[in-house]
file input_4.csv (CSV, C-alpha atoms and all ligand atoms)
chain,number,residue,atom,x,y,z
A,1,MET,CA,-31.3,-47.4,67.5
A,2,ARG,CA,-30.5,-50.8,65.9
A,3,ILE,CA,-33.6,-50.5,63.7
A,4,LEU,CA,-32.6,-47.1,62.4
A,5,GLN,CA,-29.1,-48.4,61.8
A,6,GLU,CA,-30.5,-51.4,59.8
A,7,GLN,CA,-32.8,-49.1,57.8
A,8,ILE,CA,-29.9,-46.9,56.9
A,9,ARG,CA,-27.7,-49.8,55.8
A,10,LYS,CA,-30.6,-51.1,53.7
A,11,LYS,CA,-31.1,-47.6,52.1
A,12,LEU,CA,-27.4,-47.3,51.4
A,13,LYS,CA,-27.6,-50.5,49.4
A,14,GLU,CA,-30.7,-49.5,47.5
A,15,LYS,CA,-29.3,-46.2,46.6
A,16,ASN,CA,-25.8,-47.5,45.7
A,17,ALA,CA,-24.3,-45.2,48.3
A,18,VAL,CA,-21.2,-45.3,50.4
A,19,LEU,CA,-21.2,-43.9,54.0
A,20,LEU,CA,-18.0,-42.1,55.1
A,21,ALA,CA,-17.8,-41.0,58.7
A,22,HIS,CA,-15.2,-38.9,60.6
A,23,TYR,CA,-13.8,-40.1,63.9
A,24,TYR,CA,-15.7,-37.3,65.7
A,25,GLN,CA,-19.1,-38.6,64.6
A,26,ARG,CA,-21.5,-40.2,67.2
A,27,PRO,CA,-20.6,-43.8,67.9
A,28,GLU,CA,-23.9,-45.1,66.4
A,29,ILE,CA,-23.0,-43.5,63.1
A,30,GLN,CA,-19.4,-44.7,63.2
A,31,GLU,CA,-20.7,-48.3,63.8
A,32,ILE,CA,-22.5,-48.4,60.4
A,33,ALA,CA,-20.1,-46.5,58.2
A,34,ASP,CA,-18.2,-48.1,55.3
A,35,LEU,CA,-15.1,-46.1,56.4
A,36,VAL,CA,-14.3,-44.2,59.6
A,37,GLY,CA,-11.3,-42.0,59.2
A,38,ASP,CA,-9.5,-38.7,59.5
A,39,SER,CA,-9.9,-35.9,56.9
A,40,LEU,CA,-7.1,-37.2,54.7
A,41,GLU,CA,-8.2,-40.9,54.7
A,42,LEU,CA,-11.8,-39.8,54.0
A,43,ALA,CA,-10.7,-37.5,51.1
A,44,ARG,CA,-8.8,-40.3,49.5
A,45,LYS,CA,-11.7,-42.7,49.9
A,46,ALA,CA,-14.1,-40.2,48.5
A,47,SER,CA,-11.9,-39.6,45.5
A,48,GLN,CA,-11.9,-43.4,44.7
A,49,ALA,CA,-15.6,-44.0,45.4
A,50,THR,CA,-17.3,-46.0,42.7
A,51,GLN,CA,-20.8,-45.8,44.1
A,52,GLU,CA,-23.3,-43.3,42.7
A,53,VAL,CA,-23.8,-41.5,46.0
A,54,ILE,CA,-21.4,-40.4,48.8
A,55,VAL,CA,-23.1,-39.8,52.1
A,56,PHE,CA,-20.7,-37.8,54.3
A,57,ALA,CA,-21.2,-38.0,58.0
A,58,GLY,CA,-18.8,-35.2,59.0
A,59,VAL,CA,-18.7,-31.4,58.6
A,60,HIS,CA,-19.4,-29.3,55.5
A,61,PHE,CA,-15.8,-28.7,54.3
A,62,MET,CA,-15.2,-32.4,54.3
A,63,ALA,CA,-18.3,-33.2,52.2
A,64,GLU,CA,-17.4,-30.3,49.9
A,65,THR,CA,-13.9,-31.8,49.5
A,66,SER,CA,-15.5,-35.1,48.5
A,67,LYS,CA,-17.5,-33.3,45.8
A,68,ILE,CA,-14.4,-31.5,44.5
A,69,LEU,CA,-12.5,-34.8,44.3
A,70,ASN,CA,-15.3,-36.8,42.8
A,71,PRO,CA,-17.6,-34.2,41.0
A,72,ASN,CA,-19.7,-36.7,39.1
A,73,LYS,CA,-21.1,-38.3,42.3
A,74,LYS,CA,-24.0,-37.1,44.3
A,75,VAL,CA,-22.6,-36.0,47.7
A,76,LEU,CA,-25.0,-35.8,50.6
A,77,ILE,CA,-24.6,-34.5,54.2
A,78,PRO,CA,-27.2,-35.2,56.9
A,79,ASP,CA,-27.3,-31.6,58.1
A,80,LEU,CA,-26.1,-28.5,56.3
A,81,ASP,CA,-25.6,-26.8,59.7
A,82,ALA,CA,-22.5,-29.1,60.2
A,83,GLY,CA,-20.1,-26.2,59.8
A,84,CYS,CA,-16.7,-25.6,61.3
A,85,SER,CA,-15.6,-22.7,63.5
A,86,LEU,CA,-12.1,-23.0,62.0
A,87,ALA,CA,-13.2,-22.8,58.4
A,88,ASP,CA,-15.5,-19.9,59.4
A,89,SER,CA,-12.6,-18.0,60.9
A,90,CYS,CA,-11.3,-17.2,57.4
A,91,PRO,CA,-13.9,-15.3,55.5
A,92,MET,CA,-13.1,-14.8,51.8
A,93,ASP,CA,-13.2,-11.0,51.6
A,94,GLU,CA,-10.8,-10.6,54.5
A,95,PHE,CA,-8.5,-13.3,53.3
A,96,LEU,CA,-8.4,-11.6,49.8
A,97,LYS,CA,-7.2,-8.3,51.4
A,98,PHE,CA,-4.5,-10.2,53.3
A,99,LYS,CA,-3.4,-12.2,50.3
A,100,ASN,CA,-3.1,-9.1,48.1
A,101,LEU,CA,-0.6,-7.6,50.6
A,102,TYR,CA,1.8,-10.5,49.8
A,103,PRO,CA,1.5,-11.4,46.1
A,104,GLU,CA,4.7,-13.4,46.0
A,105,HIS,CA,3.8,-15.7,48.9
A,106,LEU,CA,2.5,-19.3,48.3
A,107,ILE,CA,-0.7,-20.1,50.0
A,108,VAL,CA,-1.0,-23.3,52.0
A,109,SER,CA,-4.5,-23.9,53.3
A,110,TYR,CA,-5.5,-26.4,55.9
A,111,ILE,CA,-8.3,-28.7,54.6
A,112,ASN,CA,-10.6,-27.0,57.2
A,113,SER,CA,-11.4,-24.2,54.8
A,114,SER,CA,-14.1,-23.4,52.2
A,115,ALA,CA,-14.0,-24.4,48.5
A,116,GLU,CA,-13.5,-20.6,47.7
A,117,ILE,CA,-10.4,-20.4,49.9
A,118,LYS,CA,-9.1,-23.7,48.5
A,119,ALA,CA,-9.5,-22.4,44.9
A,120,LEU,CA,-7.1,-19.5,45.8
A,121,SER,CA,-4.5,-21.8,47.4
A,122,ASP,CA,-1.4,-23.4,46.1
A,123,TYR,CA,-1.4,-26.4,48.5
A,124,ILE,CA,-3.9,-28.0,50.8
A,125,CYS,CA,-2.8,-30.0,53.8
A,126,THR,CA,-4.4,-32.0,56.6
A,127,SER,CA,-3.1,-32.4,60.1
A,128,ALA,CA,-1.7,-35.8,59.0
A,129,ASN,CA,0.5,-34.5,56.2
A,130,ALA,CA,1.0,-30.8,57.0
A,131,VAL,CA,4.7,-31.2,58.0
A,132,ASN,CA,5.5,-33.1,54.7
A,133,VAL,CA,3.5,-30.6,52.6
A,134,ILE,CA,5.5,-27.6,54.1
A,135,LYS,CA,8.8,-29.5,53.8
A,136,SER,CA,8.1,-30.2,50.1
A,137,ILE,CA,8.0,-26.4,49.3
A,138,PRO,CA,11.3,-25.0,48.1
A,139,GLU,CA,13.2,-23.1,50.8
A,140,ASN,CA,13.3,-19.9,48.8
A,141,ARG,CA,9.5,-19.6,48.6
A,142,GLN,CA,7.7,-17.5,51.3
A,143,ILE,CA,4.5,-19.1,52.7
A,144,ILE,CA,1.1,-17.9,54.1
A,145,PHE,CA,-0.5,-20.6,56.2
A,146,LEU,CA,-4.2,-20.5,57.0
A,147,PRO,CA,-6.6,-20.6,58.7
A,148,ASP,CA,-5.3,-22.3,61.9
A,149,LYS,CA,-2.7,-20.2,63.9
A,150,ASN,CA,-2.1,-23.1,66.4
A,151,LEU,CA,-1.3,-25.6,63.6
A,152,GLY,CA,0.6,-22.9,61.8
A,153,ASN,CA,2.8,-22.2,64.9
A,154,TYR,CA,3.3,-25.9,65.4
A,155,LEU,CA,4.5,-26.2,61.7
A,156,ILE,CA,6.9,-23.3,62.2
A,157,ARG,CA,8.4,-25.1,65.2
A,158,GLU,CA,8.6,-28.5,63.4
A,159,THR,CA,9.9,-27.3,60.0
A,160,GLY,CA,11.8,-24.2,60.9
A,161,ARG,CA,10.0,-22.3,58.1
A,162,ASN,CA,9.1,-18.7,58.8
A,163,MET,CA,5.5,-18.5,57.6
A,164,LEU,CA,2.9,-15.8,57.8
A,165,LEU,CA,-0.2,-17.0,59.7
A,166,TRP,CA,-3.9,-16.3,59.6
A,167,GLU,CA,-5.4,-15.7,63.0
A,168,GLY,CA,-8.0,-18.5,63.0
A,169,ALA,CA,-8.6,-21.3,65.5
A,170,CYS,CA,-10.9,-24.1,66.3
A,171,SER,CA,-13.4,-23.4,69.1
A,172,VAL,CA,-13.0,-27.0,70.5
A,173,HIS,CA,-9.2,-27.5,70.4
A,174,GLU,CA,-8.5,-24.0,71.8
A,175,THR,CA,-10.5,-24.5,74.9
A,176,PHE,CA,-8.8,-27.4,76.6
A,177,SER,CA,-8.1,-26.5,80.2
A,178,ILE,CA,-4.5,-26.8,81.3
A,179,GLU,CA,-5.6,-26.6,84.9
A,180,LYS,CA,-7.9,-29.6,84.6
A,181,LEU,CA,-5.2,-31.4,82.6
A,182,MET,CA,-2.8,-30.9,85.5
A,183,GLN,CA,-5.4,-32.3,87.9
A,184,LEU,CA,-5.6,-35.4,85.7
A,185,VAL,CA,-1.9,-35.7,85.6
A,186,GLN,CA,-1.7,-35.6,89.4
A,187,HIS,CA,-4.3,-38.4,89.5
A,188,TYR,CA,-2.7,-40.5,86.8
A,189,PRO,CA,1.0,-39.7,87.0
A,190,ASN,CA,1.9,-42.4,84.5
A,191,ALA,CA,-0.5,-41.3,81.8
A,192,LYS,CA,0.7,-40.1,78.4
A,193,ILE,CA,-0.7,-36.9,76.9
A,194,LEU,CA,-1.8,-36.8,73.3
A,195,ALA,CA,-2.8,-33.6,71.5
A,196,HIS,CA,-4.1,-32.5,68.1
A,197,PRO,CA,-2.0,-29.8,66.5
A,198,GLU,CA,-5.0,-27.5,66.5
A,199,CYS,CA,-4.5,-27.2,70.3
A,200,LYS,CA,-2.8,-24.2,71.9
A,201,ARG,CA,1.0,-24.1,72.3
A,202,GLU,CA,0.9,-24.6,76.1
A,203,LEU,CA,-0.9,-27.9,75.6
A,204,LEU,CA,1.3,-29.0,72.7
A,205,LEU,CA,4.4,-28.4,74.7
A,206,LEU,CA,3.1,-30.7,77.5
A,207,ALA,CA,2.1,-33.5,75.0
A,208,ASP,CA,4.0,-36.7,74.6
A,209,PHE,CA,2.5,-37.1,71.1
A,210,VAL,CA,1.2,-34.4,68.8
A,211,GLY,CA,-0.7,-35.6,65.7
A,212,SER,CA,-3.8,-36.1,63.7
A,213,THR,CA,-6.7,-38.2,64.8
A,214,SER,CA,-5.3,-41.2,62.8
A,215,GLY,CA,-1.9,-40.6,64.2
A,216,MET,CA,-3.2,-40.7,67.8
A,217,LEU,CA,-5.0,-43.9,67.1
A,218,LYS,CA,-1.8,-45.6,65.9
A,219,TRP,CA,0.2,-44.2,68.8
A,220,ILE,CA,-2.0,-45.6,71.5
A,221,GLN,CA,-1.8,-49.0,69.9
A,222,GLN,CA,2.0,-48.9,69.7
A,223,ASP,CA,2.8,-47.3,73.1
A,224,ASP,CA,2.8,-49.7,76.0
A,225,HIS,CA,1.5,-47.3,78.6
A,226,HIS,CA,-1.9,-48.0,80.1
A,227,THR,CA,-3.5,-44.5,80.5
A,228,PHE,CA,-3.8,-41.8,77.9
A,229,LEU,CA,-5.2,-38.2,78.3
A,230,ILE,CA,-6.7,-37.3,74.9
A,231,GLY,CA,-6.5,-33.7,73.6
A,232,THR,CA,-8.9,-33.8,70.7
A,233,GLU,CA,-12.7,-34.1,70.1
A,234,ALA,CA,-14.0,-36.9,72.3
A,235,GLY,CA,-15.7,-38.8,69.5
A,236,ILE,CA,-12.3,-40.4,68.7
A,237,LEU,CA,-12.6,-42.3,72.0
A,238,HIS,CA,-15.0,-44.7,70.4
A,239,GLN,CA,-12.5,-46.0,67.8
A,240,MET,CA,-9.7,-45.8,70.3
A,241,GLN,CA,-11.5,-48.0,72.9
A,242,LEU,CA,-12.3,-50.5,70.1
A,243,LYS,CA,-8.6,-50.7,69.3
A,244,VAL,CA,-7.3,-50.9,72.9
A,245,PRO,CA,-10.2,-52.1,75.1
A,246,GLN,CA,-7.8,-52.9,78.0
A,247,LYS,CA,-6.4,-49.3,78.2
A,248,THR,CA,-7.8,-46.2,80.0
A,249,LEU,CA,-8.6,-43.2,77.8
A,250,ILE,CA,-9.6,-39.9,79.3
A,251,PRO,CA,-10.7,-36.9,77.3
A,252,ILE,CA,-9.0,-33.6,78.5
A,253,PRO,CA,-11.9,-31.4,79.6
A,254,ALA,CA,-12.5,-27.8,78.3
A,255,HIS,CA,-12.3,-24.8,80.6
A,256,GLU,CA,-15.6,-23.6,82.2
A,257,ASP,CA,-16.1,-20.7,79.7
A,258,ASN,CA,-16.7,-23.3,76.9
A,259,SER,CA,-20.5,-23.6,76.4
A,260,CYS,CA,-20.5,-27.3,77.4
A,261,ALA,CA,-17.1,-27.5,79.2
A,262,CYS,CA,-16.6,-30.7,77.3
A,263,SER,CA,-14.4,-31.7,74.4
A,264,GLU,CA,-17.2,-32.2,71.8
A,265,CYS,CA,-17.6,-30.4,68.5
A,266,ALA,CA,-21.2,-29.2,68.3
A,267,TYR,CA,-20.9,-29.1,64.5
A,268,MET,CA,-19.9,-32.8,64.2
A,269,LYS,CA,-22.7,-33.8,66.6
A,270,VAL,CA,-25.5,-32.2,64.6
A,271,ASN,CA,-25.5,-35.4,62.5
A,272,THR,CA,-27.8,-38.1,63.9
A,273,LEU,CA,-29.1,-41.4,62.7
A,274,SER,CA,-32.5,-40.0,62.0
A,275,LYS,CA,-31.1,-37.2,59.9
A,276,LEU,CA,-28.9,-39.7,58.1
A,277,LEU,CA,-31.9,-41.8,57.1
A,278,ILE,CA,-34.0,-38.8,55.9
A,279,CYS,CA,-31.0,-37.6,53.9
A,280,LEU,CA,-30.8,-40.9,52.2
A,281,GLU,CA,-34.5,-41.1,51.5
A,282,THR,CA,-34.8,-37.6,50.2
A,283,GLU,CA,-31.3,-37.4,48.7
A,284,SER,CA,-30.8,-34.1,50.3
A,285,PRO,CA,-29.2,-31.9,51.5
A,286,GLU,CA,-26.9,-32.2,48.6
A,287,ILE,CA,-23.5,-30.5,48.2
A,288,VAL,CA,-23.7,-28.5,45.0
A,289,LEU,CA,-20.6,-26.6,43.7
A,290,ASP,CA,-19.9,-24.3,40.8
A,291,PRO,CA,-17.9,-26.6,38.4
A,292,GLU,CA,-15.4,-23.8,37.7
A,293,LEU,CA,-14.7,-23.2,41.4
A,294,SER,CA,-14.6,-26.9,42.0
A,295,ALA,CA,-12.0,-27.4,39.2
A,296,LYS,CA,-9.8,-24.6,40.7
A,297,ALA,CA,-10.1,-26.1,44.2
A,298,LEU,CA,-9.1,-29.5,42.9
A,299,ILE,CA,-5.6,-28.4,41.8
A,300,PRO,CA,-4.1,-27.8,45.3
A,301,ILE,CA,-5.9,-30.8,46.8
A,302,GLN,CA,-4.4,-33.0,44.1
A,303,ARG,CA,-1.0,-31.5,44.8
A,304,MET,CA,-1.4,-32.5,48.4
A,305,LEU,CA,-2.5,-36.1,47.5
A,306,SER,CA,0.6,-36.5,45.2
A,307,ILE,CA,2.9,-35.5,48.1
A,308,TYR,CA,1.5,-37.8,50.8
A,401,LIG,P1,-8.1,-34.8,61.4
A,401,LIG,O1,-7.8,-34.5,60.0
A,401,LIG,O2,-7.0,-35.0,62.3
A,401,LIG,O3,-9.1,-35.9,61.5
A,401,LIG,O4,-8.8,-33.5,62.0
A,401,LIG,C1,-10.0,-32.9,61.5
A,401,LIG,C2,-10.5,-31.9,62.4
A,401,LIG,O5,-11.5,-31.2,62.1
A,401,LIG,C3,-9.8,-31.6,63.6
A,401,LIG,O6,-10.6,-30.7,64.4
A,402,LIG,FE1,-13.9,-27.6,62.9
A,402,LIG,FE2,-12.9,-27.7,65.4
A,402,LIG,FE3,-15.1,-29.1,64.8
A,402,LIG,FE4,-12.7,-29.9,63.8
A,402,LIG,S1,-13.3,-29.9,66.0
A,402,LIG,S2,-14.7,-29.7,62.7
A,402,LIG,S3,-11.8,-27.9,63.4
A,402,LIG,S4,-14.9,-26.9,64.8

call {"tool": "encode", "arguments": {"input": "input_4.csv", "output": "structure tokens"}}
result
Amino acid sequence: MRILQEQIRKKLKEKNAVLLAHYYQRPEIQEIADLVGDSLELARKASQATQEVIVFAGVHFMAETSKILNPNKKVLIPDLDAGCSLADSCPMDEFLKFKNLYPEHLIVSYINSSAEIKALSDYICTSANAVNVIKSIPENRQIIFLPDKNLGNYLIRETGRNMLLWEGACSVHETFSIEKLMQLVQHYPNAKILAHPECKRELLLLADFVGSTSGMLKWIQQDDHHTFLIGTEAGILHQMQLKVPQKTLIPIPAHEDNSCACSECAYMKVNTLSKLLICLETESPEIVLDPELSAKALIPIQRMLSIY
């Protein structure tokens, strides 16, 4: 593993490339990344990248957002199969039919969506800034929020705005088991519960903290409890444990119907060190976007970045 890591770092230098990795990536990838972050932090970093190549260890919509933000760079992703069940839950043709029913509504899209959906949106948001983005929209404007109904319902509760929601969801965050969580709570009665807003309402109502991956990381460092039950993809535990090595962090398990009954995102985990090295050597797969589509999708992303 160490040899592969060294080869990748060497190639990154040779190719004048920056390696960006999401918190859900395998620990061995996080260890050698130039930046590990949430989708907002990574989007910002990609927009400012001065290197010729951006290698994105994350899922497709994240790499695509990097290309939109910095179109003159070559953007690579180790495996094109790194999709996202949430982004896939909003196909373009169905969304267009829905959108046409409400021509006066503003469209706020979660960053977990395709470039085509972004291009039709008025605002983009991430879990870190969604509340602020919604609050920035004048009260007299009606809003359609997509694709995540769980995040959407959370935003309705937090902002009091009555939004129309798309019925999408993330296959990882929807499947945490409340029953198994309750067993953990019995075992660790002093533990604090953290949940990502993509989780279902039942879990969010039980949580002591609801927020993005970066928000959770900050929270466990500031809170003086010892044990935390983590309601998001388990890859985040790597950075968490580095920040608070003395604390106990337990991922909330998924219910049995979930294919692995674990809290891992199969899409995030398709990226491996070997694929990363091949991707750098061959400079593929590359994210290629129609420039016109890319320019349209950039407008709502820039609007988001100017708000938060
Ligand atoms: P964050 O923006 O909080 O990192 O979340 C991204 C994501 O895909 C959550 O499932
Ligand atoms: Fe998409 Fe869910 Fe994986 Fe995040 S955890 S990338 S929302 S499938």

call {"tool": "closest_residue", "arguments": {"input": "input_4.csv", "among": "A:His196, A:Arg44, A:Lys74, A:His255", "to": "ligand LIG 402 (chain A)", "atoms": "all atoms listed in the file"}}
result
A:His196

call {"tool": "residues_near_ligand", "arguments": {"input": "input_4.csv", "ligand": "ligand LIG 402 (chain A)", "cutoff": "9 Å", "atoms": "all atoms listed in the file", "output": "ChimeraX atom specification"}}
result
/A:24,58-62,82-88,112,148,169-174,198,232-233,263-268

call {"tool": "atom_distance", "arguments": {"input": "input_4.csv", "atom1": "atom CA of A:Ile107", "atom2": "atom O4 of ligand LIG 401 (chain A)"}}
result
19.7 Å

call {"tool": "closest_residue", "arguments": {"input": "input_4.csv", "among": "A:Ser177, A:Ser113, A:Ser121, A:Thr227", "to": "ligand LIG 401 (chain A)", "atoms": "all atoms listed in the file"}}
result
A:Ser113

call {"tool": "residues_near_point", "arguments": {"input": "input_4.csv", "point": "(-30.0, -32.6, 51.3)", "cutoff": "8 Å", "atoms": "all atoms listed in the file", "output": "number ranges by chain"}}
result
A: 76-80, 279, 282-287

call {"tool": "atom_distance", "arguments": {"input": "input_4.csv", "atom1": "atom CA of A:Thr65", "atom2": "atom CA of A:Lys149"}}
result
21.6 Å

call {"tool": "atom_distance", "arguments": {"input": "input_4.csv", "atom1": "atom CA of A:Ser214", "atom2": "atom CA of A:Gln7"}}
result
29.0 Å

call {"tool": "residues_around", "arguments": {"input": "input_4.csv", "residues": "A:Asp224", "least_positions_apart": "3", "cutoff": "12 Å", "atoms": "only C-alpha atoms", "output": "list in words"}}
result
Asn190, Ala191, Lys192, Lys218, Trp219, Ile220, Gln221, Thr227, Phe228, Val244, Gln246, Lys247 and Thr248 of chain A

call {"tool": "residues_around", "arguments": {"input": "input_4.csv", "residues": "A:Ala297", "least_positions_apart": "6", "cutoff": "9 Å", "atoms": "only C-alpha atoms", "output": "VMD selection string"}}
result
chain A and resid 65 68 115 to 121

call {"tool": "closest_residue", "arguments": {"input": "input_4.csv", "among": "A:Tyr123, A:Tyr23, A:Tyr308, A:Tyr110", "to": "A:Gly152", "atoms": "only C-alpha atoms"}}
result
A:Tyr110

call {"tool": "residues_around", "arguments": {"input": "input_4.csv", "residues": "stretch 159-165 of chain A", "least_positions_apart": "3", "cutoff": "10 Å", "atoms": "only C-alpha atoms", "output": "ChimeraX atom specification"}}
result
/A:102,105-108,131-132,134-135,137,139,141-156,168

call {"tool": "write_last_selection", "arguments": {"input": "input_4.csv", "atoms": "C-alpha atoms", "output": "PDB file, in the coordinates of the input"}}
result
ATOM      1  CA  TYR A 102       1.800 -10.500  49.800  1.00  0.00           C
ATOM      2  CA  HIS A 105       3.800 -15.700  48.900  1.00  0.00           C
ATOM      3  CA  LEU A 106       2.500 -19.300  48.300  1.00  0.00           C
ATOM      4  CA  ILE A 107      -0.700 -20.100  50.000  1.00  0.00           C
ATOM      5  CA  VAL A 108      -1.000 -23.300  52.000  1.00  0.00           C
ATOM      6  CA  VAL A 131       4.700 -31.200  58.000  1.00  0.00           C
ATOM      7  CA  ASN A 132       5.500 -33.100  54.700  1.00  0.00           C
ATOM      8  CA  ILE A 134       5.500 -27.600  54.100  1.00  0.00           C
ATOM      9  CA  LYS A 135       8.800 -29.500  53.800  1.00  0.00           C
ATOM     10  CA  ILE A 137       8.000 -26.400  49.300  1.00  0.00           C
ATOM     11  CA  GLU A 139      13.200 -23.100  50.800  1.00  0.00           C
ATOM     12  CA  ARG A 141       9.500 -19.600  48.600  1.00  0.00           C
ATOM     13  CA  GLN A 142       7.700 -17.500  51.300  1.00  0.00           C
ATOM     14  CA  ILE A 143       4.500 -19.100  52.700  1.00  0.00           C
ATOM     15  CA  ILE A 144       1.100 -17.900  54.100  1.00  0.00           C
ATOM     16  CA  PHE A 145      -0.500 -20.600  56.200  1.00  0.00           C
ATOM     17  CA  LEU A 146      -4.200 -20.500  57.000  1.00  0.00           C
ATOM     18  CA  PRO A 147      -6.600 -20.600  58.700  1.00  0.00           C
ATOM     19  CA  ASP A 148      -5.300 -22.300  61.900  1.00  0.00           C
ATOM     20  CA  LYS A 149      -2.700 -20.200  63.900  1.00  0.00           C
ATOM     21  CA  ASN A 150      -2.100 -23.100  66.400  1.00  0.00           C
ATOM     22  CA  LEU A 151      -1.300 -25.600  63.600  1.00  0.00           C
ATOM     23  CA  GLY A 152       0.600 -22.900  61.800  1.00  0.00           C
ATOM     24  CA  ASN A 153       2.800 -22.200  64.900  1.00  0.00           C
ATOM     25  CA  TYR A 154       3.300 -25.900  65.400  1.00  0.00           C
ATOM     26  CA  LEU A 155       4.500 -26.200  61.700  1.00  0.00           C
ATOM     27  CA  ILE A 156       6.900 -23.300  62.200  1.00  0.00           C
ATOM     28  CA  GLY A 168      -8.000 -18.500  63.000  1.00  0.00           C
TER      29      GLY A 168
END

call {"tool": "closest_residue", "arguments": {"input": "input_4.csv", "among": "A:Ile29, A:Ile299, A:Ile307, A:Ser294", "to": "A:Asp122", "atoms": "only C-alpha atoms"}}
result
A:Ile299

call {"tool": "residues_around", "arguments": {"input": "input_4.csv", "residues": "A:Val36", "least_positions_apart": "3", "cutoff": "8 Å", "atoms": "all atoms listed in the file", "output": "list in words"}}
result
Leu20, Ala21, His22, Tyr23, Gln30, Ala33 and Leu42 of chain A

call {"tool": "closest_residue", "arguments": {"input": "input_4.csv", "among": "A:Leu273, A:Ile236, A:Val133, A:Ile32", "to": "ligand LIG 401 (chain A)", "atoms": "only C-alpha atoms and all ligand atoms"}}
result
A:Ile236

call {"tool": "residues_around", "arguments": {"input": "input_4.csv", "residues": "A:Met1", "least_positions_apart": "2", "cutoff": "12 Å", "atoms": "only C-alpha atoms", "output": "ChimeraX atom specification"}}
result
/A:3-8,27-29,31-32,272-274,277

call {"tool": "closest_residue", "arguments": {"input": "input_4.csv", "among": "A:Trp166, A:Phe56, A:Phe209, A:Phe176", "to": "A:Gln25", "atoms": "all atoms listed in the file"}}
result
A:Phe56

call {"tool": "build_atoms", "arguments": {"input": "input_4.csv", "residues": "stretch 202-215 of chain A", "atoms": "N, CA and C atoms", "output": "compact mmCIF listing (two decimals), keeping the file's coordinate frame"}}
result
# COMPACT_ATOMS: atom_id res chain seq x y z
N GLU A 202 0.60 -24.11 74.73
CA GLU A 202 0.90 -24.60 76.10
C GLU A 202 0.56 -26.10 76.21
N LEU A 203 -0.51 -26.52 75.56
CA LEU A 203 -0.90 -27.90 75.60
C LEU A 203 0.07 -28.77 74.75
N LEU A 204 0.39 -28.25 73.57
CA LEU A 204 1.30 -29.00 72.70
C LEU A 204 2.65 -29.24 73.31
N LEU A 205 3.11 -28.25 74.09
CA LEU A 205 4.40 -28.40 74.70
C LEU A 205 4.39 -29.46 75.84
N LEU A 206 3.21 -29.70 76.39
CA LEU A 206 3.10 -30.70 77.50
C LEU A 206 2.87 -32.12 76.88
N ALA A 207 2.51 -32.18 75.60
CA ALA A 207 2.10 -33.50 75.00
C ALA A 207 3.25 -34.42 74.76
N ASP A 208 3.00 -35.72 74.96
CA ASP A 208 4.00 -36.70 74.60
C ASP A 208 3.90 -37.07 73.12
N PHE A 209 2.70 -36.84 72.57
CA PHE A 209 2.50 -37.10 71.10
C PHE A 209 1.60 -35.99 70.58
N VAL A 210 2.03 -35.37 69.47
CA VAL A 210 1.20 -34.40 68.80
C VAL A 210 0.90 -34.96 67.39
N GLY A 211 -0.37 -35.05 67.01
CA GLY A 211 -0.70 -35.60 65.70
C GLY A 211 -2.12 -35.56 65.36
N SER A 212 -2.42 -36.01 64.15
CA SER A 212 -3.80 -36.10 63.70
C SER A 212 -4.58 -37.13 64.40
N THR A 213 -5.85 -37.20 64.14
CA THR A 213 -6.70 -38.20 64.80
C THR A 213 -6.17 -39.63 64.47
N SER A 214 -5.83 -39.86 63.19
CA SER A 214 -5.30 -41.20 62.80
C SER A 214 -3.97 -41.46 63.46
N GLY A 215 -3.16 -40.41 63.56
CA GLY A 215 -1.90 -40.60 64.20
C GLY A 215 -2.01 -40.96 65.67
